[in-house]
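Here the structure comes first, spelled out in structure tokens, and everything after it is commentary.
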Protein chains: 2
Amino acid sequence: MATIYEVSKLAGVSLATVSRVLNNNTPVKEETRLKVLAAMEELGYQPNSVAQSLASNRSNSIGILVPELNGPFFGTLLSDIENSFRQAGKHVIIAAGHSDEKLEKESISFLQSRNCDALILHVEAVTDEYLVELMEKKVKFVLINRFVPQLYDRCITLNNQHGGYLATRHMLEHGHQNIGYISGPIWKHDAEQRYKGHLRALTEFGIPHSEQLFYEGDYHEESGALGTKALLQKASEITAIVCANDEMAAGALTAARELGRSLPDGLSIIGFDNVNFSHYTFPKLTTINYPMGEMGKMAAQLILKRVYQQNNSSIQTVFEPHLIERDSVSRP
Amino acid sequence: MATIYEVSKLAGVSLATVSRVLNNNTPVKEETRLKVLAAMEELGYQPNSVAQSLASNRSNSIGILVPELNGPFFGTLLSDIENSFRQAGKHVIIAAGHSDEKLEKESISFLQSRNCDALILHVEAVTDEYLVELMEKKVKFVLINRFVPQLYDRCITLNNQHGGYLATRHMLEHGHQNIGYISGPIWKHDAEQRYKGHLRALTEFGIPHSEQLFYEGDYHEESGALGTKALLQKASEITAIVCANDEMAAGALTAARELGRSLPDGLSIIGFDNVNFSHYTFPKLTTINYPMGEMGKMAAQLILKRVYQQNNSSIQTVFEPHLIERDSVSRP
DNA sequence: TAGTATGATGTAAGCGCTTTCATTTGTAAC
DNA sequence: GTTACAAATGAAAGCGCTTACATCATACTA
């Protein structure tokens with residue numbers, strides 16, 4: 001592999017000049033620029049990014065930490081983030097935190113040890129305090145799907161409460177009065193907010209809330225099935241179930257069918273997230289859209305702007321969910 | 001951030017010694033080692049990986065190129081690869097090639113410019129010759145889901161033909177005689193092989209093959225629906241459809257229902273891949289398992305062994321698919 | 001014509017490590 | 001107490017770049 005030195009010799013200029021045309025940050029006479037470019041071309045020169053990083057104290061790499069790499073959820077996020085950075089000549093290093101505090105912390109220091117210029121974190125287990133400390137240590141990062149007051153200007157979030165509200169309102173507008181709710185782990189911020197939205201819709205329609213109608217799941221399919229069975233046993237008058245995510249909704253669909261309910265007439269079900277498989281279910285799942293891709297793009301823009309001083313588009317930090325109507329909800 | 005120099009001063013030894021305890025590659029007296037470790041601890045020293053890379057000509061990073069980051073397919077692959085490397089202290093840089101020749105080539109040189117020690121490629125559009133040239137240029141890489149004779153010892157593949165055979169045989173064993181086939185783009189190697197397996201099973205059971213029963217899709221849901229409609233129109237006696245992947249099978253399920261066929265009695269359908277959503281369909285999809293995760297792990301092992309001289313476990317290059325029986329196949 | 005900005009280029013000092021080679025220290029044999 | 005050899009350590013030269021600073025030519029002013 002040719003080095004900058006060989007290019008400079010061939011072009012008959014100094015190292016510094018080659019570096020200047022490479023980085024395009026200091027004026028170089030057009031004539032010299034062309035000579036240098038020709039020399040690069042001739043040698044098939046490719047700058048060594050490691051050396052560039054060491055000298056400039058910039059790695060041009062961004063670390064991404066998500067709970068899981070598999071599963072239906074994070075593909076879009078990663079895809080859109082990678083795309084944005086790729087266009088800007090940056091690259092992406094990935095790690096999975098598995099919603100575990102220790103693993104999340106390890107992953108963060110792993111990414112730091114890789115000299116990432118910035119991190120995009122989708123963390124769940126780590127405390128707010130930890131994140132604030134991280135900020136105080138001058139670590140550059142953006143939070144996705146989590147709001148920490150002290151970090152307000154680097155949080156890209158979904159209005160989860162509004163999403164929960166929309167889901168339940170949709171059921172209420174269809175005339176349902178007995179609505180079961182299958183929640184995610186309530187210690188997770190998004191689960192809590194979605195549930196709050198649910199309660200708000202109920203209040204707005206003057207429907208009292210009952211403990212009987214609540215089930216706390218774990219966001220996985222199985223708990224959706226379990227929850228459905230539990231709810232329907234406790235309160236068979238239920239005509240609709242709001243699930244805090246699509247996976248649990250899929251489980252609910254299966255369980256309802258097993259219990260002999262026809263769908264959607266015998267039981268209406270709504271999900272949340274609009275993951276890639278949600279229209280493969282039968283009936284196709286009505287759900288709340290989570291604009292993961294958009295949010296990923298925005299996180300990338302934010303970093304491009306703040307860390308690399310590229311890009312001046314304005315930054316949006318809160319995204320609004322919306323209803324996706326398909327076939328799993330009808331009148332009772 | 002503390003540097004190796006500060007550690008050496010604090011410990012009262014030379015740079016070289018600190019480097020030695022860090023890399024553990026040259027004997028160091030236990031007493032000195034402890035002094036050095038204590039100094040590192042005290043300063044919270046973290047080696048600068050960029051400097052390490054430059055000096056050692058090793059980046060400890062592996063580039064992964066897959067067709068898509070989203071979609072149900074590559075999450076598991078990435079997840080298992082990341083995991084394996086993480087444990088070995090390496091990290092993973094990702095890129096998407098979108099099954100496009102130009103993009104695939106760009107991505108490869110992008111990853112190379114990032115000084116990856118090795119690449120794991122899941123490419124589709126690039127030619128065999130290109131890959132052979134890459135090898136001749138001494139680029140270290142492993143191919144996933146693609147077999148190139150000259151590169152036989154660095155190809156991790158699935159026995160796609162056997163998979164296709166298993167799928168069709170399953171239908172035949174259930175007594176189906178008129179079996180439609182919805183293929184992937186036949187220029188793709190895996191699509192071709194799966195189809196060959198289908199034909200082999202047919203031959204084995206003495207069933208003649210007819211053009212009427214073949215439809216070439218594009219591996220996406222919609223073409224599964226289109227294909228089903230086309231096949232059922234051309235040959236309404238069809239009682240089973242073999243689909244070359246799960247997404248098309250999902251489309252087939254929907255289309256069959258729209259056409260008034262009951263499932264699976266009125267039409268049996270089988271998929272291929274066993275992607276994450278395949279048990280969310282209704283009826284739950286019978287399919288052929290694709291051990292993506294295993295294959296990813298193996299690719300990582302291969303690189304760990306050949307490039308980093310770690311790990312001595314034996315390498316398996318061909319993986320066998322197997323049948324996953326669920327609810328979408330019955331007797332005609 | 002000398003004096004002074006201005007733009008273009010060169011010089012050289014790092015960035016934080018690894019690694020070769022030379023040197024010192026410790027140990028055992030005589 | 002020498003000598004011989006192995007083990008442990010240190011000195012210093014890079015790895016391929018960026019960038020502060022110095023230098024040089026050119027063009028303009030007075």
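Identifiers in this document derive from the order of the structure tokens: chains are assigned A, B, ..., residues are numbered from 1 separately in each chain, and ligands are numbered from 1 in order of occurrence.
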Can you write out as JSON lines which residues of chain A fall within 7 Å of chain B, alongside each residue's closest atom pair and its distance in Å to one decimal, counting only C-alpha atoms and ordering rows by chain and ascending residue number?
{"residue": "A:Gln46", "atom": "CA", "partner": "B:Ser113", "partner_atom": "CA", "distance": 6.9}
{"residue": "A:Asn48", "atom": "CA", "partner": "B:Ser113", "partner_atom": "CA", "distance": 6.8}
{"residue": "A:Ser49", "atom": "CA", "partner": "B:Arg114", "partner_atom": "CA", "distance": 5.9}
{"residue": "A:Val50", "atom": "CA", "partner": "B:Leu54", "partner_atom": "CA", "distance": 6.0}
{"residue": "A:Ala51", "atom": "CA", "partner": "B:Leu54", "partner_atom": "CA", "distance": 6.1}
{"residue": "A:Ser53", "atom": "CA", "partner": "B:Val50", "partner_atom": "CA", "distance": 6.9}
{"residue": "A:Leu54", "atom": "CA", "partner": "B:Val50", "partner_atom": "CA", "distance": 6.0}
{"residue": "A:Leu69", "atom": "CA", "partner": "B:Ser79", "partner_atom": "CA", "distance": 5.1}
{"residue": "A:Asn70", "atom": "CA", "partner": "B:Gly75", "partner_atom": "CA", "distance": 3.8}
{"residue": "A:Gly71", "atom": "CA", "partner": "B:Gly75", "partner_atom": "CA", "distance": 6.6}
{"residue": "A:Pro72", "atom": "CA", "partner": "B:Pro72", "partner_atom": "CA", "distance": 6.2}
{"residue": "A:Gly75", "atom": "CA", "partner": "B:Asn70", "partner_atom": "CA", "distance": 3.7}
{"residue": "A:Thr76", "atom": "CA", "partner": "B:Asn70", "partner_atom": "CA", "distance": 4.8}
{"residue": "A:Leu78", "atom": "CA", "partner": "B:Leu69", "partner_atom": "CA", "distance": 6.6}
{"residue": "A:Ser79", "atom": "CA", "partner": "B:Leu69", "partner_atom": "CA", "distance": 5.1}
{"residue": "A:Val92", "atom": "CA", "partner": "B:Ile93", "partner_atom": "CA", "distance": 5.8}
{"residue": "A:Ile93", "atom": "CA", "partner": "B:Ile93", "partner_atom": "CA", "distance": 4.9}
{"residue": "A:Ile94", "atom": "CA", "partner": "B:Val92", "partner_atom": "CA", "distance": 6.4}
{"residue": "A:Ser113", "atom": "CA", "partner": "B:Ser49", "partner_atom": "CA", "distance": 6.6}
{"residue": "A:Arg114", "atom": "CA", "partner": "B:Ser49", "partner_atom": "CA", "distance": 5.9}
{"residue": "A:Asn115", "atom": "CA", "partner": "B:Ser49", "partner_atom": "CA", "distance": 6.9}
{"residue": "A:Ala250", "atom": "CA", "partner": "B:Tyr280", "partner_atom": "CA", "distance": 6.4}
{"residue": "A:Phe277", "atom": "CA", "partner": "B:Phe277", "partner_atom": "CA", "distance": 5.9}
{"residue": "A:Tyr280", "atom": "CA", "partner": "B:Thr281", "partner_atom": "CA", "distance": 5.7}
{"residue": "A:Thr281", "atom": "CA", "partner": "B:Thr281", "partner_atom": "CA", "distance": 4.8}
{"residue": "A:Phe282", "atom": "CA", "partner": "B:Phe282", "partner_atom": "CA", "distance": 5.7}
Include N, CA, C and O atoms and write out the residues we just selected as a tab-separated table (two decimals), in the first residue's frame.
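Okay, out.tsv is ready:
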chain	number	residue	atom	x	y	z
A	46	GLN	N	-4.47	5.07	-0.99
A	46	GLN	CA	-5.60	5.10	-0.07
A	46	GLN	C	-5.05	5.55	1.28
A	46	GLN	O	-4.18	4.89	1.83
A	48	ASN	N	-4.27	5.87	5.05
A	48	ASN	CA	-4.39	4.91	6.15
A	48	ASN	C	-5.20	5.55	7.27
A	48	ASN	O	-4.74	6.48	7.94
A	49	SER	N	-6.40	5.02	7.46
A	49	SER	CA	-7.30	5.70	8.39
A	49	SER	C	-6.82	5.62	9.83
A	49	SER	O	-7.13	6.49	10.63
A	50	VAL	N	-6.06	4.59	10.13
A	50	VAL	CA	-5.56	4.47	11.51
A	50	VAL	C	-4.55	5.59	11.80
A	50	VAL	O	-4.62	6.25	12.84
A	51	ALA	N	-3.67	5.80	10.85
A	51	ALA	CA	-2.68	6.87	11.04
A	51	ALA	C	-3.38	8.22	11.11
A	51	ALA	O	-3.03	9.08	11.93
A	53	SER	N	-6.30	8.80	12.20
A	53	SER	CA	-6.94	8.91	13.51
A	53	SER	C	-5.94	9.30	14.59
A	53	SER	O	-6.20	10.16	15.41
A	54	LEU	N	-4.80	8.64	14.55
A	54	LEU	CA	-3.83	8.90	15.60
A	54	LEU	C	-3.34	10.34	15.55
A	54	LEU	O	-3.27	11.02	16.56
A	69	LEU	N	-29.12	-7.27	18.68
A	69	LEU	CA	-28.88	-7.10	17.25
A	69	LEU	C	-29.90	-7.89	16.45
A	69	LEU	O	-30.26	-7.53	15.34
A	70	ASN	N	-30.34	-8.97	17.02
A	70	ASN	CA	-31.38	-9.73	16.34
A	70	ASN	C	-32.73	-9.20	16.81
A	70	ASN	O	-32.80	-8.15	17.40
A	71	GLY	N	-33.77	-9.91	16.52
A	71	GLY	CA	-35.06	-9.36	16.86
A	71	GLY	C	-35.48	-8.38	15.79
A	71	GLY	O	-34.66	-7.93	15.01
A	72	PRO	N	-36.74	-8.06	15.77
A	72	PRO	CA	-37.27	-7.31	14.64
A	72	PRO	C	-37.03	-5.82	14.76
A	72	PRO	O	-37.31	-5.08	13.84
A	75	GLY	N	-32.90	-3.59	13.47
A	75	GLY	CA	-32.39	-3.60	12.11
A	75	GLY	C	-32.55	-2.26	11.42
A	75	GLY	O	-31.58	-1.71	10.90
A	76	THR	N	-33.75	-1.74	11.45
A	76	THR	CA	-34.01	-0.46	10.79
A	76	THR	C	-33.17	0.64	11.39
A	76	THR	O	-32.63	1.49	10.67
A	78	LEU	N	-30.26	0.47	12.95
A	78	LEU	CA	-28.87	0.34	12.51
A	78	LEU	C	-28.73	0.71	11.05
A	78	LEU	O	-27.80	1.43	10.66
A	79	SER	N	-29.65	0.24	10.26
A	79	SER	CA	-29.58	0.47	8.84
A	79	SER	C	-29.55	1.97	8.53
A	79	SER	O	-28.69	2.45	7.79
A	92	VAL	N	-19.30	2.74	11.55
A	92	VAL	CA	-20.11	2.41	12.70
A	92	VAL	C	-19.60	1.12	13.34
A	92	VAL	O	-19.35	0.14	12.66
A	93	ILE	N	-19.42	1.16	14.64
A	93	ILE	CA	-19.02	-0.02	15.39
A	93	ILE	C	-20.18	-0.41	16.28
A	93	ILE	O	-20.75	0.45	16.95
A	94	ILE	N	-20.53	-1.68	16.26
A	94	ILE	CA	-21.74	-2.05	17.00
A	94	ILE	C	-21.48	-2.93	18.21
A	94	ILE	O	-20.50	-3.65	18.28
A	113	SER	N	-13.02	2.42	24.41
A	113	SER	CA	-11.63	1.97	24.20
A	113	SER	C	-11.32	1.88	22.71
A	113	SER	O	-10.18	1.81	22.31
A	114	ARG	N	-12.36	1.83	21.91
A	114	ARG	CA	-12.17	1.80	20.46
A	114	ARG	C	-12.06	3.21	19.90
A	114	ARG	O	-12.14	3.40	18.68
A	115	ASN	N	-11.93	4.18	20.80
A	115	ASN	CA	-11.76	5.56	20.38
A	115	ASN	C	-12.86	6.10	19.50
A	115	ASN	O	-12.59	6.85	18.54
A	250	ALA	N	-48.77	-10.44	19.15
A	250	ALA	CA	-48.76	-11.68	18.38
A	250	ALA	C	-49.10	-12.85	19.28
A	250	ALA	O	-49.89	-13.73	18.92
A	277	PHE	N	-42.70	-7.65	11.24
A	277	PHE	CA	-43.57	-8.79	11.01
A	277	PHE	C	-45.05	-8.50	11.30
A	277	PHE	O	-45.89	-9.37	11.16
A	280	TYR	N	-47.62	-9.68	9.02
A	280	TYR	CA	-47.63	-11.10	8.66
A	280	TYR	C	-48.59	-11.89	9.54
A	280	TYR	O	-48.87	-13.05	9.30
A	281	THR	N	-49.06	-11.26	10.61
A	281	THR	CA	-49.96	-11.97	11.50
A	281	THR	C	-51.33	-12.09	10.84
A	281	THR	O	-51.60	-11.45	9.82
A	282	PHE	N	-52.18	-12.91	11.44
A	282	PHE	CA	-53.55	-12.99	10.94
A	282	PHE	C	-54.50	-12.90	12.11
A	282	PHE	O	-54.40	-13.70	13.03
Please provide the set of residues having any atom within 9 Å of region 231-246 of chain B, restricted to only C-alpha atoms (C1' of nucleotides), with same-chain residues fewer than 4 positions apart removed, written as number ranges by chain. B: 164, 167-168, 171, 176-184, 191, 194-195, 198, 212-215, 217, 219-221, 224, 226-227, 250-252, 256, 264-275, 277-278, 285, 287-288, 329, 331-332
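With only C-alpha atoms (C1' of nucleotides) as the basis for measurement, C:DA8 is the residue among C:DT19, C:DG26, C:DA8, C:DA13 that approaches chain A most closely.
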Quick check for you: according to DSSP on this backbone, which residues of region 56-273 of chain A are classed as strand (DSSP E)? Reply as a VMD selection string. chain A and resid 61 to 66 91 to 96 118 to 121 141 to 144 155 to 158 179 to 183 214 to 216 240 to 243 268 to 270
Selection export as a compact mmCIF listing (two decimals), in the first residue's frame, atoms kept: C-alpha atoms:
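What follows is the written file selection-v8.txt:
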# COMPACT_ATOMS: atom_id res chain seq x y z
CA SER A 61 -16.02 6.01 14.02
CA ILE A 62 -19.25 6.05 15.94
CA GLY A 63 -20.20 3.38 18.44
CA ILE A 64 -23.75 2.08 18.50
CA LEU A 65 -25.11 0.23 21.49
CA VAL A 66 -28.49 -1.45 21.21
CA HIS A 91 -18.14 4.18 10.11
CA VAL A 92 -20.11 2.41 12.70
CA ILE A 93 -19.02 -0.02 15.39
CA ILE A 94 -21.74 -2.05 17.00
CA ALA A 95 -22.31 -3.70 20.33
CA ALA A 96 -25.21 -5.31 22.13
CA ALA A 118 -19.26 9.60 19.66
CA LEU A 119 -21.73 7.00 20.84
CA ILE A 120 -25.37 6.37 20.12
CA LEU A 121 -26.86 4.59 23.08
CA PHE A 141 -23.16 10.55 23.16
CA VAL A 142 -26.76 10.63 22.13
CA LEU A 143 -29.55 8.73 23.84
CA ILE A 144 -32.24 6.99 21.87
CA CYS A 155 -32.16 12.58 23.89
CA ILE A 156 -34.04 11.38 20.85
CA THR A 157 -37.33 10.03 22.11
CA LEU A 158 -40.72 8.85 21.07
CA ILE A 179 -60.27 -3.08 27.63
CA GLY A 180 -57.48 -5.24 28.95
CA TYR A 181 -53.92 -3.91 29.02
CA ILE A 182 -50.78 -6.00 28.66
CA SER A 183 -47.82 -3.90 29.68
CA PHE A 214 -53.89 -4.95 33.87
CA TYR A 215 -51.22 -7.52 33.22
CA GLU A 216 -47.49 -6.91 33.32
CA ALA A 240 -60.37 -5.62 23.51
CA ILE A 241 -56.76 -5.89 24.56
CA VAL A 242 -54.14 -3.20 24.16
CA CYS A 243 -50.62 -4.63 24.07
CA SER A 268 -59.92 -6.80 19.22
CA ILE A 269 -56.18 -6.53 19.66
CA ILE A 270 -53.78 -3.67 19.05
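Using only C-alpha atoms (C1' of nucleotides), we find that the part of chain B lying within 8 Å of chain D comprises Ser14, Ala16, Thr17, Pro27, Val28, Lys29, Leu54, Ala55, Ser56 and Asn57 of chain B.
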For the residues selected in the previous step, produce a file with C-alpha atoms as a PDB file, in the first residue's frame.
ATOM      1  CA  SER B  14      10.462   1.764  30.632  1.00  0.00           C
ATOM      2  CA  ALA B  16       8.754  -1.245  26.580  1.00  0.00           C
ATOM      3  CA  THR B  17       8.111  -3.035  29.829  1.00  0.00           C
ATOM      4  CA  PRO B  27       8.354 -12.696  30.028  1.00  0.00           C
ATOM      5  CA  VAL B  28       8.327  -9.986  32.686  1.00  0.00           C
ATOM      6  CA  LYS B  29       9.378 -10.531  36.277  1.00  0.00           C
ATOM      7  CA  LEU B  54      -0.730   1.894  13.914  1.00  0.00           C
ATOM      8  CA  ALA B  55       2.290   0.474  15.641  1.00  0.00           C
ATOM      9  CA  SER B  56       1.369  -3.158  15.308  1.00  0.00           C
ATOM     10  CA  ASN B  57      -0.232  -2.959  11.905  1.00  0.00           C
TER      11      ASN B  57
END
Please return, as a ChimeraX atom specification, all residues of chain C lying within 6 Å of chain B when only C-alpha atoms (C1' of nucleotides) are considered. /C:16-18
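CA of Tyr165 (chain B) is positioned 15.1 Å from CA of Pro208 (chain B).
As for CA of Glu173 (chain B) and CA of Arg261 (chain B), they are spaced 21.3 Å apart.
Relative to CA of Phe85 (chain B), CA of Tyr308 (chain B) is found at 11.1 Å.
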Write out as an MDAnalysis selection string all residues of region 4-44 of chain A that backbone DSSP assigns to helix (DSSP H, G or I). chainID A and resid 4:11 15:23 30:43
Would you output that residue set with C-alpha atoms, as a CSV table (one decimal), in the first residue's frame?
chain,number,residue,atom,x,y,z
A,4,ILE,CA,1.5,9.7,1.7
A,5,TYR,CA,5.3,9.9,1.4
A,6,GLU,CA,5.5,8.1,-1.9
A,7,VAL,CA,2.7,10.3,-3.2
A,8,SER,CA,4.6,13.4,-2.2
A,9,LYS,CA,7.8,12.3,-3.9
A,10,LEU,CA,6.0,11.4,-7.1
A,11,ALA,CA,4.2,14.7,-7.2
A,15,LEU,CA,4.0,15.6,2.8
A,16,ALA,CA,2.1,18.6,4.1
A,17,THR,CA,0.8,19.5,0.7
A,18,VAL,CA,-0.5,16.1,0.0
A,19,SER,CA,-2.2,16.1,3.3
A,20,ARG,CA,-3.8,19.4,2.5
A,21,VAL,CA,-5.3,18.3,-0.8
A,22,LEU,CA,-6.5,15.2,1.0
A,23,ASN,CA,-8.2,17.1,3.7
A,30,GLU,CA,-5.0,24.3,-8.5
A,31,GLU,CA,-1.9,23.3,-10.5
A,32,THR,CA,-0.4,21.5,-7.5
A,33,ARG,CA,-3.6,20.0,-6.5
A,34,LEU,CA,-3.9,18.3,-9.9
A,35,LYS,CA,-0.3,17.0,-9.7
A,36,VAL,CA,-1.0,15.5,-6.3
A,37,LEU,CA,-4.3,14.0,-7.4
A,38,ALA,CA,-2.6,12.5,-10.4
A,39,ALA,CA,0.1,11.0,-8.3
A,40,MET,CA,-2.5,9.5,-5.9
A,41,GLU,CA,-4.3,8.0,-8.9
A,42,GLU,CA,-1.2,6.5,-10.3
A,43,LEU,CA,-0.2,4.9,-7.1
